[in-house]
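The next block holds one structure in the form of structure tokens; read it before the comments.
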Amino acid sequence: MTEETRVVLTTCGTDEDAKVLARVLVERRLAACVNAISKVASTYRWNGQIQQDQETLLIIKTTAPRLAALEQAIREHSKYEVPEFVALPVAGGGADYLEWVGESVAKLED
């Protein structure tokens with residue numbers, strides 16, 4: 001399961017937006033778990049200007065087969081013009097945890 005497990009990073013402008021998005025992702029079985037880290041200081045260039053904002057970082061655990069649907073859901077719920085979507089492969093981890101991630105995001109049969 002290690003080869004399919006992914007950690008995805010995205011940001012939200014407020015804690016409330018992050019809470020809503022996290023719940024949607026878990027309810028839709030697109031994420032096994034979402035951790036929210038408040039008050040992340042972000043510095044970036046946008047429209048030719050340097051911006052500095054506080055955001056909430058979401059750390060999302062999922063699998064490779066769910067990435068496209070996860071990205072779509074983030075785009076649907078983000079208030080950003082260009083939402084962050086960075087997917088990182090998982091090189092290792094506890095076998096039972098990685099199995100739980102896979103089971104948690106598996107599509108249910110109708």
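Each chain in the structure tokens gets a letter, A, B and so on, in the order shown; residues start at 1 in every chain, and ligands are counted from 1 in the order they appear.
If you count only C-alpha atoms and ignore residues fewer than 6 places along the chain from region 2-17 of chain A, what sits within 6 Å of it is Glu55, Thr56, Leu57, Leu58, Ile59, Ile60, Lys61, Thr62, Thr63, Ala64, Glu84, Phe85, Val86, Ala87, Leu88, Pro89, Val90 and Gly92 of chain A.
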Query raised in the report: DSSP on the backbone: what in region 52-88 of chain A comes out strand (DSSP E), as a VMD selection string?
Result: chain A and resid 52 to 63 86 to 88
Output the selection as a tab-separated table (two decimals), in the first residue's frame - N, CA and C atoms for each residue.
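Written out: part27.tsv:
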chain	number	residue	atom	x	y	z
A	52	GLN	N	1.91	38.56	1.99
A	52	GLN	CA	2.14	37.84	3.24
A	52	GLN	C	0.79	37.70	3.94
A	53	ASP	N	0.39	36.46	4.19
A	53	ASP	CA	-0.91	36.18	4.79
A	53	ASP	C	-0.80	35.05	5.79
A	54	GLN	N	-1.79	34.99	6.67
A	54	GLN	CA	-1.94	33.83	7.54
A	54	GLN	C	-2.98	32.93	6.91
A	55	GLU	N	-2.64	31.65	6.84
A	55	GLU	CA	-3.53	30.67	6.25
A	55	GLU	C	-3.62	29.46	7.17
A	56	THR	N	-4.51	28.55	6.83
A	56	THR	CA	-4.59	27.26	7.51
A	56	THR	C	-4.12	26.19	6.52
A	57	LEU	N	-3.11	25.45	6.92
A	57	LEU	CA	-2.54	24.40	6.08
A	57	LEU	C	-3.27	23.09	6.37
A	58	LEU	N	-3.72	22.43	5.31
A	58	LEU	CA	-4.32	21.12	5.45
A	58	LEU	C	-3.34	20.06	4.96
A	59	ILE	N	-3.16	19.03	5.77
A	59	ILE	CA	-2.33	17.88	5.43
A	59	ILE	C	-3.29	16.71	5.26
A	60	ILE	N	-3.41	16.23	4.04
A	60	ILE	CA	-4.45	15.28	3.67
A	60	ILE	C	-3.82	13.93	3.33
A	61	LYS	N	-4.33	12.86	3.95
A	61	LYS	CA	-3.84	11.51	3.65
A	61	LYS	C	-4.84	10.82	2.73
A	62	THR	N	-4.34	10.31	1.60
A	62	THR	CA	-5.20	9.69	0.59
A	62	THR	C	-4.39	8.66	-0.19
A	63	THR	N	-4.93	8.25	-1.34
A	63	THR	CA	-4.21	7.32	-2.22
A	63	THR	C	-4.16	7.87	-3.64
A	86	VAL	N	-0.60	20.02	-3.85
A	86	VAL	CA	0.70	19.38	-3.98
A	86	VAL	C	0.58	17.98	-3.40
A	87	ALA	N	0.82	16.97	-4.23
A	87	ALA	CA	0.72	15.57	-3.80
A	87	ALA	C	2.11	14.98	-3.67
A	88	LEU	N	2.38	14.41	-2.51
A	88	LEU	CA	3.69	13.83	-2.21
A	88	LEU	C	3.56	12.32	-2.02
Query raised in the report: Could you name the residues that touch Val105 (chain A) at 7 Å or less, counting only C-alpha atoms, but leaving out those on the same chain fewer than 6 positions away, as a list in words?
Result: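 Answer for this query is Arg29, Leu30, Ala31, Ala32 and Thr62 of chain A.
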For the selection you just gave me, I'd like the residues written to a file as an mmCIF file, in the first residue's frame, keeping N, CA and C atoms.
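File written: again.cif
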data_model
loop_
_atom_site.group_PDB
_atom_site.id
_atom_site.type_symbol
_atom_site.label_atom_id
_atom_site.label_comp_id
_atom_site.auth_asym_id
_atom_site.auth_seq_id
_atom_site.Cartn_x
_atom_site.Cartn_y
_atom_site.Cartn_z
ATOM 1 N N ARG A 29 -14.996 10.318 1.161
ATOM 2 C CA ARG A 29 -13.995 9.251 1.132
ATOM 3 C C ARG A 29 -12.830 9.590 0.199
ATOM 4 N N LEU A 30 -12.539 10.873 0.086
ATOM 5 C CA LEU A 30 -11.391 11.324 -0.697
ATOM 6 C C LEU A 30 -10.155 11.444 0.177
ATOM 7 N N ALA A 31 -10.356 11.502 1.485
ATOM 8 C CA ALA A 31 -9.272 11.593 2.459
ATOM 9 C C ALA A 31 -9.576 10.667 3.622
ATOM 10 N N ALA A 32 -8.552 9.988 4.104
ATOM 11 C CA ALA A 32 -8.703 9.169 5.304
ATOM 12 C C ALA A 32 -8.651 10.055 6.535
ATOM 13 N N THR A 62 -4.343 10.308 1.597
ATOM 14 C CA THR A 62 -5.202 9.686 0.594
ATOM 15 C C THR A 62 -4.394 8.657 -0.189
#
Report task. Could you find all residues in chain A that DSSP calls alpha helix (DSSP H) from the backbone, and write them as JSON, numbers by chain? Result -> {"A": [15, 16, 17, 18, 19, 20, 21, 22, 23, 24, 25, 26, 27, 67, 68, 69, 70, 71, 72, 73, 74, 75, 76, 77, 95, 96, 97, 98, 99, 100, 101, 102, 103, 104, 105]}
Requested in this report: Find the residues around Gln51 (chain A) up to 12 Å (only C-alpha atoms counted), leave out those fewer than 6 positions away in its own chain, and share them as a PyMOL selection string.
Outcome: chain A and resi 41-45
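Distance-wise, CA of Val101 (chain A) and CA of Pro83 (chain A) end up 23.7 Å apart.
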Query raised in the report: Which residue out of A:Leu21, A:Glu99, A:Asn35, A:Gln49 has the minimum interatomic distance to Arg75 (chain A) when only C-alpha atoms are used?
Result: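 Distance minimum relative to Arg75 (chain A) lands on A:Leu21.
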